[in-house]
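Student: Just so it is clear, I am handing over work.cif, which has mmCIF, C-alpha atoms and all ligand atoms.
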```cif
data_start
#
loop_
_atom_site.label_atom_id
_atom_site.label_comp_id
_atom_site.auth_asym_id
_atom_site.auth_seq_id
_atom_site.Cartn_x
_atom_site.Cartn_y
_atom_site.Cartn_z
CA MET G 11 -4.79 24.16 2.34
CA THR G 12 -2.94 20.93 3.15
CA LYS G 13 0.62 20.59 1.91
CA ALA G 14 0.98 17.41 -0.18
CA VAL G 15 3.51 14.91 1.13
CA LEU G 16 4.02 11.79 -0.94
CA GLY G 17 4.62 8.55 0.93
CA VAL G 18 6.08 5.48 -0.74
CA ILE G 19 6.03 2.02 0.79
CA GLY G 20 8.53 -0.31 -0.84
CA GLY G 21 7.67 -3.99 -1.06
CA SER G 22 9.67 -7.11 -1.88
CA GLY G 23 12.85 -6.15 -3.74
CA VAL G 24 12.34 -2.42 -3.05
CA TYR G 25 14.25 -1.41 0.07
CA ASP G 26 15.38 2.04 -1.03
CA LEU G 27 14.17 4.85 -3.27
CA PRO G 28 16.82 6.04 -5.74
CA GLY G 29 16.17 9.64 -6.69
CA LEU G 30 15.29 10.74 -3.17
CA GLU G 31 17.37 13.86 -2.36
CA ASP G 32 18.36 15.67 0.86
CA VAL G 33 17.56 12.48 2.74
CA ARG G 34 17.45 12.23 6.50
CA GLU G 35 16.48 9.14 8.44
CA GLU G 36 13.99 9.39 11.25
CA ARG G 37 12.97 6.63 13.64
CA ILE G 38 9.44 7.55 14.58
CA ASP G 39 8.12 6.46 17.93
CA SER G 40 4.61 5.22 17.36
CA PRO G 41 2.14 4.43 20.15
CA TRP G 42 1.26 1.39 18.00
CA GLY G 43 4.74 -0.11 18.27
CA ALA G 44 7.76 -0.18 15.99
CA PRO G 45 7.45 0.66 12.28
CA SER G 46 9.24 -1.67 9.84
CA ASP G 47 12.25 0.65 9.63
CA ALA G 48 13.38 4.25 9.97
CA LEU G 49 11.57 6.61 7.61
CA ARG G 50 13.72 8.05 4.84
CA ILE G 51 12.53 11.61 4.49
CA GLY G 52 13.61 13.80 1.58
CA ARG G 53 12.35 15.36 -1.62
CA ILE G 54 12.08 14.62 -5.31
CA GLY G 55 11.95 17.87 -7.23
CA GLU G 56 9.92 20.19 -5.02
CA THR G 57 7.76 17.42 -3.55
CA PRO G 58 8.43 16.16 -0.03
CA VAL G 59 8.71 12.35 -0.15
CA VAL G 60 8.81 9.83 2.70
CA PHE G 61 9.98 6.27 2.03
CA LEU G 62 9.45 3.17 4.17
CA PRO G 63 10.48 -0.39 3.23
CA ARG G 64 7.53 -2.54 4.30
CA HIS G 65 9.57 -5.59 5.25
CA GLY G 66 12.44 -3.52 6.67
CA ARG G 67 15.89 -3.34 5.14
CA GLY G 68 17.19 -6.89 4.82
CA HIS G 69 13.60 -8.11 4.39
CA ARG G 70 13.40 -9.09 8.07
CA LEU G 71 9.62 -8.97 8.46
CA SER G 72 7.15 -11.50 7.10
CA PRO G 73 3.77 -10.28 5.79
CA SER G 74 2.08 -11.44 9.03
CA GLY G 75 4.78 -9.89 11.22
CA ILE G 76 4.64 -6.37 9.79
CA ASN G 77 3.24 -3.81 12.21
CA TYR G 78 0.92 -2.15 9.68
CA ARG G 79 -0.57 0.17 12.30
CA ALA G 80 2.83 1.49 13.34
CA ASN G 81 3.80 1.99 9.69
CA ILE G 82 0.70 4.00 8.80
CA ASP G 83 0.79 5.95 12.08
CA ALA G 84 4.46 6.87 11.48
CA LEU G 85 3.73 7.99 7.91
CA LYS G 86 0.82 10.09 9.18
CA ARG G 87 3.09 11.68 11.80
CA ALA G 88 5.55 12.48 9.00
CA GLY G 89 2.75 14.39 7.26
CA VAL G 90 2.05 11.94 4.44
CA THR G 91 -1.17 12.83 2.59
CA ASP G 92 -0.85 10.52 -0.43
CA LEU G 93 0.59 7.03 -0.22
CA VAL G 94 1.86 4.85 -3.04
CA ALA G 95 2.19 1.18 -2.15
CA LEU G 96 4.65 -0.81 -4.24
CA SER G 97 3.96 -4.53 -4.15
CA ALA G 98 5.10 -7.70 -5.86
CA CYS G 99 2.17 -9.88 -6.85
CA GLY G 100 1.15 -13.06 -8.65
CA SER G 101 -1.20 -12.89 -11.63
CA PHE G 102 -4.39 -14.79 -12.45
CA ARG G 103 -4.58 -13.60 -16.04
CA GLN G 104 -2.52 -14.45 -19.08
CA GLU G 105 -2.56 -10.80 -20.16
CA LEU G 106 -1.15 -9.62 -16.80
CA TYR G 107 2.37 -10.86 -17.38
CA PRO G 108 5.51 -10.64 -15.19
CA GLY G 109 7.00 -7.16 -15.48
CA LEU G 110 3.63 -5.44 -15.97
CA PHE G 111 2.41 -2.87 -13.42
CA VAL G 112 -1.26 -3.14 -12.45
CA LEU G 113 -3.00 -0.18 -10.83
CA VAL G 114 -5.52 -2.16 -8.83
CA ASP G 115 -8.64 -0.44 -7.56
CA GLN G 116 -10.19 -3.13 -5.38
CA PHE G 117 -9.03 -5.46 -2.62
CA VAL G 118 -10.36 -8.68 -1.15
CA ASP G 119 -9.11 -9.32 2.37
CA ARG G 120 -8.39 -12.98 3.16
CA THR G 121 -5.94 -12.24 5.96
CA HIS G 122 -6.70 -13.30 9.52
CA GLY G 123 -5.32 -12.45 12.90
CA ARG G 124 -3.71 -9.17 11.81
CA ALA G 125 -4.48 -5.99 13.71
CA SER G 126 -6.55 -4.26 11.06
CA SER G 127 -7.97 -1.17 12.74
CA PHE G 128 -6.79 1.73 14.87
CA PHE G 129 -10.23 1.78 16.45
CA GLY G 130 -11.90 -0.71 18.79
CA ASP G 131 -13.39 -0.94 22.27
CA GLY G 132 -13.36 2.56 23.73
CA CYS G 133 -13.66 4.32 20.37
CA VAL G 134 -15.57 2.56 17.62
CA ALA G 135 -15.39 3.81 14.03
CA HIS G 136 -16.61 2.44 10.70
CA VAL G 137 -15.03 3.97 7.59
CA SER G 138 -16.09 3.19 4.03
CA MET G 139 -13.87 0.85 2.01
CA ALA G 140 -16.16 0.87 -1.04
CA HIS G 141 -13.51 2.64 -3.09
CA PRO G 142 -10.20 1.90 -1.34
CA VAL G 143 -7.97 3.55 -3.94
CA GLY G 144 -7.81 7.30 -4.49
CA PRO G 145 -8.87 7.87 -8.13
CA ALA G 146 -6.98 11.16 -8.53
CA LEU G 147 -3.76 9.68 -7.13
CA GLN G 148 -4.20 6.63 -9.36
CA ALA G 149 -4.70 8.88 -12.41
CA ARG G 150 -1.43 10.65 -11.60
CA ILE G 151 0.36 7.30 -11.29
CA LEU G 152 -1.04 6.23 -14.65
CA ALA G 153 0.09 9.48 -16.28
CA ALA G 154 3.57 9.07 -14.77
CA ALA G 155 3.82 5.47 -16.03
CA GLU G 156 2.75 6.53 -19.51
CA ALA G 157 5.20 9.44 -19.54
CA GLU G 158 7.98 6.99 -18.60
CA GLU G 159 6.76 4.43 -21.18
CA ILE G 160 6.28 1.82 -18.48
CA ALA G 161 3.79 -0.94 -19.36
CA VAL G 162 0.81 -0.51 -17.07
CA ARG G 163 -2.85 -1.60 -16.80
CA LYS G 164 -5.52 0.27 -14.92
CA ASN G 165 -8.05 -1.44 -12.66
CA GLY G 166 -8.08 -4.88 -11.13
CA THR G 167 -8.76 -6.73 -7.92
CA TYR G 168 -5.93 -7.69 -5.57
CA VAL G 169 -6.71 -10.56 -3.20
CA CYS G 170 -4.63 -10.44 -0.06
CA MET G 171 -3.82 -13.86 1.42
CA GLU G 172 -2.27 -14.44 4.82
CA GLY G 173 0.79 -16.36 3.61
CA PRO G 174 3.67 -16.74 4.06
CA GLN G 175 3.14 -19.92 2.02
CA PHE G 176 2.01 -19.36 -1.55
CA SER G 177 -1.45 -20.64 -2.60
CA SER G 178 -2.29 -24.26 -3.27
CA TYR G 179 -3.34 -25.14 -6.82
CA ALA G 180 -6.99 -25.37 -5.68
CA GLU G 181 -6.82 -21.94 -4.01
CA SER G 182 -5.18 -20.44 -7.07
CA LEU G 183 -7.91 -21.83 -9.36
CA THR G 184 -10.59 -20.61 -6.95
CA TYR G 185 -9.27 -17.03 -6.86
CA LYS G 186 -8.95 -17.05 -10.63
CA SER G 187 -12.51 -18.34 -11.09
CA LEU G 188 -13.78 -15.62 -8.74
CA GLY G 189 -12.44 -13.03 -11.15
CA TYR G 190 -9.59 -11.73 -9.02
CA ASP G 191 -6.68 -10.35 -11.02
CA VAL G 192 -3.62 -10.45 -8.78
CA ILE G 193 -2.55 -11.83 -5.41
CA GLY G 194 -0.24 -10.66 -2.68
CA MET G 195 0.18 -10.84 1.09
CA THR G 196 0.47 -7.24 2.27
CA ASN G 197 -2.01 -4.68 0.95
CA MET G 198 -4.48 -5.62 3.64
CA PRO G 199 -4.77 -4.29 6.27
CA GLU G 200 -2.43 -1.58 4.95
CA ALA G 201 -5.12 -0.03 2.71
CA LYS G 202 -7.74 -0.18 5.49
CA LEU G 203 -5.45 1.54 7.96
CA ALA G 204 -4.48 4.23 5.46
CA ARG G 205 -8.19 4.91 4.99
CA GLU G 206 -8.74 5.18 8.75
CA ALA G 207 -5.81 7.58 8.93
CA GLU G 208 -7.34 9.64 6.08
CA ILE G 209 -4.32 9.02 3.87
CA THR G 210 -5.11 8.63 0.17
CA TYR G 211 -3.82 5.22 -0.95
CA ALA G 212 -2.98 3.67 -4.31
CA THR G 213 -1.18 0.45 -5.14
CA ILE G 214 1.22 -0.29 -7.94
CA ALA G 215 1.00 -4.07 -8.11
CA MET G 216 4.09 -5.25 -9.95
CA VAL G 217 3.49 -8.66 -11.46
CA THR G 218 6.30 -11.08 -10.69
CA ASP G 219 4.75 -14.48 -11.52
CA PHE G 220 1.65 -16.40 -12.66
CA ASP G 221 0.94 -17.99 -9.30
CA CYS G 222 0.45 -21.76 -9.71
CA TRP G 223 -2.76 -22.01 -11.79
CA HIS G 224 -0.91 -21.49 -15.06
CA PRO G 225 -0.41 -24.75 -16.99
CA GLU G 226 2.92 -23.58 -18.44
CA HIS G 227 4.45 -22.27 -15.22
CA ASP G 228 5.72 -24.19 -12.25
CA ALA G 229 5.01 -23.44 -8.62
CA VAL G 230 5.98 -19.94 -7.48
CA GLU G 231 9.56 -19.67 -6.27
CA VAL G 232 10.96 -16.80 -4.23
CA SER G 233 14.14 -16.61 -6.33
CA ALA G 234 12.10 -16.06 -9.50
CA VAL G 235 9.84 -13.52 -7.77
CA ILE G 236 12.80 -11.55 -6.45
CA ALA G 237 14.58 -11.58 -9.84
CA VAL G 238 11.52 -9.95 -11.46
CA ALA G 239 10.93 -7.69 -8.44
CA ARG G 240 14.49 -6.32 -8.69
CA ALA G 241 13.99 -5.59 -12.39
CA ASN G 242 10.67 -3.94 -11.52
CA ALA G 243 12.33 -1.83 -8.81
CA ALA G 244 14.27 0.33 -11.27
CA LYS G 245 11.09 1.00 -13.25
CA ALA G 246 9.19 1.75 -10.06
CA ALA G 247 11.84 4.29 -9.04
CA ARG G 248 11.52 6.02 -12.41
CA LEU G 249 7.74 6.06 -12.11
CA VAL G 250 7.82 7.46 -8.58
CA SER G 251 10.35 10.14 -9.58
CA ARG G 252 8.12 11.30 -12.42
CA LEU G 253 5.05 11.17 -10.20
CA ALA G 254 6.76 13.25 -7.52
CA ARG G 255 8.18 15.79 -9.95
CA ASP G 256 4.70 16.37 -11.41
CA PHE G 257 2.89 16.30 -8.04
CA PRO G 258 0.86 19.34 -6.92
CA ALA G 259 2.17 21.26 -3.91
CA GLU G 260 -1.26 21.18 -2.33
CA HIS G 261 -3.05 17.90 -1.56
CA GLU G 262 -5.89 17.40 -4.07
CA PRO G 263 -9.22 16.55 -2.45
CA CYS G 264 -9.86 12.83 -3.00
CA PRO G 265 -12.98 12.01 -5.06
CA ALA G 266 -13.37 8.86 -2.92
CA ARG G 267 -13.29 11.05 0.22
CA SER G 268 -10.31 9.11 1.58
CA ASP G 269 -8.98 12.34 3.10
CA ARG G 270 -12.28 12.88 4.94
CA ALA G 271 -12.99 9.23 5.77
CA LEU G 272 -13.43 9.81 9.49
CA GLU G 273 -16.14 12.43 9.10
CA GLY G 274 -19.23 10.80 10.60
CA ALA G 275 -17.42 7.48 11.07
CA ILE G 276 -16.85 7.57 14.85
CA ILE G 277 -19.91 6.20 16.61
CA THR G 278 -18.77 6.34 20.26
CA PRO G 279 -19.79 9.67 21.83
CA PRO G 280 -17.01 11.67 23.53
CA GLU G 281 -18.18 10.88 27.07
CA HIS G 282 -17.86 7.12 26.43
CA ARG G 283 -14.42 7.20 24.80
CA ASP G 284 -11.45 5.50 26.44
CA PRO G 285 -8.78 8.14 27.20
CA ALA G 286 -5.92 5.67 26.70
CA LEU G 287 -7.11 4.79 23.19
CA MET G 288 -7.82 8.44 22.41
CA ALA G 289 -4.21 9.28 23.24
CA LYS G 290 -2.98 6.66 20.76
CA LEU G 291 -5.28 8.08 18.07
CA ASP G 292 -3.72 11.55 18.26
CA ALA G 293 -2.03 11.36 14.87
CA VAL G 294 -4.37 9.25 12.76
CA ALA G 295 -7.62 10.80 14.00
CA GLY G 296 -6.42 14.09 15.48
CA ARG G 297 -8.20 16.08 12.76
CA VAL G 298 -11.64 14.96 13.93
CA LEU G 299 -11.10 14.37 17.66
C1 LIG G 301 8.87 -12.43 -1.99
S1 LIG G 301 7.41 -13.11 -2.63
C2 LIG G 301 6.10 -12.84 -1.49
C3 LIG G 301 6.05 -11.47 -0.87
O1 LIG G 301 6.11 -10.48 -1.91
C4 LIG G 301 5.02 -9.59 -1.75
O2 LIG G 301 5.40 -8.58 -0.83
P1 LIG G 301 5.15 -7.03 -1.05
O3 LIG G 301 3.67 -6.82 -1.21
O4 LIG G 301 5.66 -6.36 0.18
O5 LIG G 301 5.91 -6.64 -2.30
C5 LIG G 301 3.94 -10.49 -1.16
O6 LIG G 301 2.88 -9.76 -0.63
C6 LIG G 301 4.71 -11.30 -0.17
O7 LIG G 301 4.90 -10.60 1.04
N1 LIG G 302 2.00 -15.67 -6.33
C1 LIG G 302 2.05 -14.88 -5.27
N2 LIG G 302 1.20 -15.10 -4.24
C2 LIG G 302 1.24 -14.27 -3.16
N3 LIG G 302 2.08 -13.25 -3.03
C3 LIG G 302 2.93 -13.01 -4.03
N4 LIG G 302 3.87 -12.07 -4.18
C4 LIG G 302 4.46 -12.26 -5.36
N5 LIG G 302 3.92 -13.33 -5.99
C5 LIG G 302 2.96 -13.80 -5.19
#
```
Is it possible to express this structure as structure tokens?

Tutor:
Amino acid sequence: MTKAVLGVIGGSGVYDLPGLEDVREERIDSPWGAPSDALRIGRIGETPVVFLPRHGRGHRLSPSGINYRANIDALKRAGVTDLVALSACGSFRQELYPGLFVLVDQFVDRTHGRASSFFGDGCVAHVSMAHPVGPALQARILAAAEAEEIAVRKNGTYVCMEGPQFSSYAESLTYKSLGYDVIGMTNMPEAKLAREAEITYATIAMVTDFDCWHPEHDAVEVSAVIAVARANAAKAARLVSRLARDFPAEHEPCPARSDRALEGAIITPPEHRDPALMAKLDAVAGRVL
């Protein structure tokens, strides 16, 4: 049996988690560098919960500057089994309006130059990203949103751009024509790294704007995004509280096998593995090494 520990990553406008009780702060030393901030470790109801603001308190870190590996490694060291990513996003669909929460189930990675794997020369691994979101975790998020009467849609594709600039009109039209639903700058490589660390991942994409394709909306502006994100934050806290209060004590096996992602994924035989890299993998891959 694995004890369930719920992790929550806060995005733009979400730098704290109201409702978290018995909180202690822990700065985790990661071999991958510095996480975005100290972890806030506590509980909601009986469920252990660990909170990390993705951009750091004060929103110091840009999407390209976030050390995603250190963040996921630190959450793994804190025992997180199930991770909820809160993210502001733009929308490519009229029916996905600002204020709505979208439980995306697919990602398209258009980032470049970000460290996107714990593995590499000295220990090569290939995990599946066919189904990047944990269906059971997502179902629990949906149930929590419905119980809290929070407007939510299930399914959708989140395209992750590098940023920090927002898309051009031509890019926005292209993503829309490709059938993508929402856009942000952070869920990749976060979701890939969570998968490598065998942490079940699910995103709550909180729509803040219509990007720039929409004929009746001007270019995206940070002030408008943050105004909606702050309004979304209170709803997100309610949703997370409900989710945590109803969470099972034992981690539920993930139908997408996210919690067993490394089984059969490491291709480098033990005698060819680099000891320095192996030492850094102690937390994320310790179960299979
Ligand atoms: C402040 S608008 C752009 C910013 O908001 C989103 O961040 P997050 O996913 O952490 O909520 C987006 O990805 C950009 O980083
Ligand atoms: N339109 C947009 N594009 C990229 N990231 C975003 N985050 C919030 N709105 C966004």

Student: Here is a test: counting all atoms listed in the file, which residue of G:Ser22, G:Gln104, G:Asn77, G:Asn165 is nearest to Ser127 of chain G?

Tutor: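 For Ser127 of chain G, the nearest of the candidates is G:Asn77.
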
Student: All residues within 6 Å of ligand LIG 302 (chain G) are required, counting all atoms listed in the file; please report them as a list in words.

Tutor: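 Within the 6 Å cut-off, the matching residues are Ala98, Cys99, Gly100, Phe176, Ile193, Gly194, Met195, Thr218, Asp219, Asp221 and Val230 of chain G.
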
Student: Tell me, in Å to one decimal, how far atom CA of His122 of chain G is from atom CA of Gln148 of chain G.

Tutor: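 Separation between atom CA of His122 of chain G and atom CA of Gln148 of chain G: 27.6 Å.
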
Student: Set the cut-off to 9 Å, count all atoms listed in the file, and list whatever residues fall near ligand LIG 301 (chain G) as a PyMOL selection string.

Tutor: chain G and resi 19-24+63-65+71-74+95-100+170-176+193-197+215-216+218+230-236+239

Student: Taking all atoms listed in the file into account, produce a table as JSON lines in which each residue of segment 161-258 of chain G with an atom at most 12 Å from an atom of segment 28-40 of chain G appears once, together with its shortest atom pair and the distance in Å to one decimal, ordered by chain and rising number.

Tutor:
```
{"residue": "G:Ala243", "atom": "CA", "partner": "G:Pro28", "partner_atom": "CA", "distance": 9.6}
{"residue": "G:Ala244", "atom": "CA", "partner": "G:Pro28", "partner_atom": "CA", "distance": 8.3}
{"residue": "G:Lys245", "atom": "CA", "partner": "G:Pro28", "partner_atom": "CA", "distance": 10.7}
{"residue": "G:Ala246", "atom": "CA", "partner": "G:Pro28", "partner_atom": "CA", "distance": 9.8}
{"residue": "G:Ala247", "atom": "CA", "partner": "G:Pro28", "partner_atom": "CA", "distance": 6.2}
{"residue": "G:Arg248", "atom": "CA", "partner": "G:Gly29", "partner_atom": "CA", "distance": 8.2}
{"residue": "G:Leu249", "atom": "CA", "partner": "G:Gly29", "partner_atom": "CA", "distance": 10.6}
{"residue": "G:Val250", "atom": "CA", "partner": "G:Gly29", "partner_atom": "CA", "distance": 8.8}
{"residue": "G:Ser251", "atom": "CA", "partner": "G:Gly29", "partner_atom": "CA", "distance": 6.5}
{"residue": "G:Arg252", "atom": "CA", "partner": "G:Gly29", "partner_atom": "CA", "distance": 10.0}
{"residue": "G:Leu253", "atom": "CA", "partner": "G:Gly29", "partner_atom": "CA", "distance": 11.8}
{"residue": "G:Ala254", "atom": "CA", "partner": "G:Leu30", "partner_atom": "CA", "distance": 9.9}
{"residue": "G:Arg255", "atom": "CA", "partner": "G:Gly29", "partner_atom": "CA", "distance": 10.6}
```

Student: Using Å and a single decimal, report how far atom CA of Ile160 of chain G sits from atom CA of Glu262 of chain G.

Tutor: 24.5 Å

Student: Between G:Ser101, G:Tyr78, G:Val192, G:Val18, which is the closest to Leu62 of chain G once you count all atoms listed in the file?

Tutor: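 Residue with the minimum atom-to-atom distance to Leu62 of chain G: G:Val18.
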
Student: Please, can segment 153-164 of chain G be completed to all heavy atoms and returned as a CSV table (one decimal), in the coordinates of the input?

Tutor:
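Written file, part09.csv:
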```
chain,number,residue,atom,x,y,z
G,153,ALA,N,-0.5,8.5,-15.4
G,153,ALA,CA,0.1,9.5,-16.3
G,153,ALA,C,1.6,9.4,-16.2
G,153,ALA,O,2.3,9.5,-17.2
G,153,ALA,CB,-0.4,10.9,-15.9
G,154,ALA,N,2.1,9.2,-15.0
G,154,ALA,CA,3.6,9.1,-14.8
G,154,ALA,C,4.1,7.8,-15.5
G,154,ALA,O,5.2,7.9,-16.1
G,154,ALA,CB,3.9,9.0,-13.3
G,155,ALA,N,3.4,6.7,-15.4
G,155,ALA,CA,3.8,5.5,-16.0
G,155,ALA,C,3.8,5.7,-17.5
G,155,ALA,O,4.8,5.3,-18.2
G,155,ALA,CB,2.9,4.3,-15.7
G,156,GLU,N,2.8,6.3,-18.1
G,156,GLU,CA,2.8,6.5,-19.5
G,156,GLU,C,3.9,7.5,-20.0
G,156,GLU,O,4.5,7.2,-21.0
G,156,GLU,CB,1.4,7.0,-19.9
G,156,GLU,CG,0.3,5.9,-19.8
G,156,GLU,CD,-1.1,6.4,-20.0
G,156,GLU,OE1,-1.4,7.6,-20.0
G,156,GLU,OE2,-2.0,5.5,-20.1
G,157,ALA,N,4.1,8.5,-19.2
G,157,ALA,CA,5.2,9.4,-19.5
G,157,ALA,C,6.6,8.7,-19.5
G,157,ALA,O,7.4,9.1,-20.3
G,157,ALA,CB,5.2,10.6,-18.6
G,158,GLU,N,6.7,7.7,-18.7
G,158,GLU,CA,8.0,7.0,-18.6
G,158,GLU,C,8.0,5.8,-19.5
G,158,GLU,O,8.9,5.0,-19.5
G,158,GLU,CB,8.2,6.6,-17.1
G,158,GLU,CG,8.6,7.7,-16.2
G,158,GLU,CD,9.9,8.4,-16.5
G,158,GLU,OE1,10.9,7.7,-16.9
G,158,GLU,OE2,10.0,9.6,-16.4
G,159,GLU,N,6.9,5.6,-20.3
G,159,GLU,CA,6.8,4.4,-21.2
G,159,GLU,C,6.9,3.1,-20.4
G,159,GLU,O,7.6,2.2,-20.9
G,159,GLU,CB,7.7,4.5,-22.4
G,159,GLU,CG,7.4,5.8,-23.2
G,159,GLU,CD,8.3,5.9,-24.4
G,159,GLU,OE1,9.3,5.2,-24.5
G,159,GLU,OE2,8.0,6.8,-25.3
G,160,ILE,N,6.3,3.0,-19.3
G,160,ILE,CA,6.3,1.8,-18.5
G,160,ILE,C,4.9,1.1,-18.7
G,160,ILE,O,3.9,1.7,-18.7
G,160,ILE,CB,6.4,2.2,-17.0
G,160,ILE,CG1,7.8,2.7,-16.7
G,160,ILE,CG2,6.2,0.9,-16.1
G,160,ILE,CD1,8.0,3.4,-15.4
G,161,ALA,N,5.0,-0.2,-19.1
G,161,ALA,CA,3.8,-0.9,-19.4
G,161,ALA,C,2.9,-1.0,-18.1
G,161,ALA,O,3.4,-1.5,-17.0
G,161,ALA,CB,4.1,-2.3,-19.9
G,162,VAL,N,1.7,-0.6,-18.2
G,162,VAL,CA,0.8,-0.5,-17.1
G,162,VAL,C,-0.6,-0.8,-17.5
G,162,VAL,O,-1.0,-0.6,-18.6
G,162,VAL,CB,0.9,0.9,-16.5
G,162,VAL,CG1,0.3,2.0,-17.4
G,162,VAL,CG2,0.3,1.0,-15.1
G,163,ARG,N,-1.4,-1.4,-16.6
G,163,ARG,CA,-2.8,-1.6,-16.8
G,163,ARG,C,-3.6,-1.0,-15.6
G,163,ARG,O,-3.2,-1.1,-14.5
G,163,ARG,CB,-3.2,-3.1,-16.8
G,163,ARG,CG,-2.7,-3.9,-17.9
G,163,ARG,CD,-3.4,-3.6,-19.3
G,163,ARG,NE,-2.8,-4.5,-20.3
G,163,ARG,CZ,-1.6,-4.2,-20.9
G,163,ARG,NH1,-0.9,-3.1,-20.6
G,163,ARG,NH2,-1.1,-5.1,-21.8
G,164,LYS,N,-4.7,-0.4,-16.0
G,164,LYS,CA,-5.5,0.3,-14.9
G,164,LYS,C,-6.6,-0.7,-14.5
G,164,LYS,O,-7.1,-1.5,-15.3
G,164,LYS,CB,-6.1,1.5,-15.5
G,164,LYS,CG,-6.7,2.5,-14.5
G,164,LYS,CD,-7.0,3.8,-15.2
G,164,LYS,CE,-7.9,4.7,-14.4
G,164,LYS,NZ,-9.2,4.2,-14.2
```
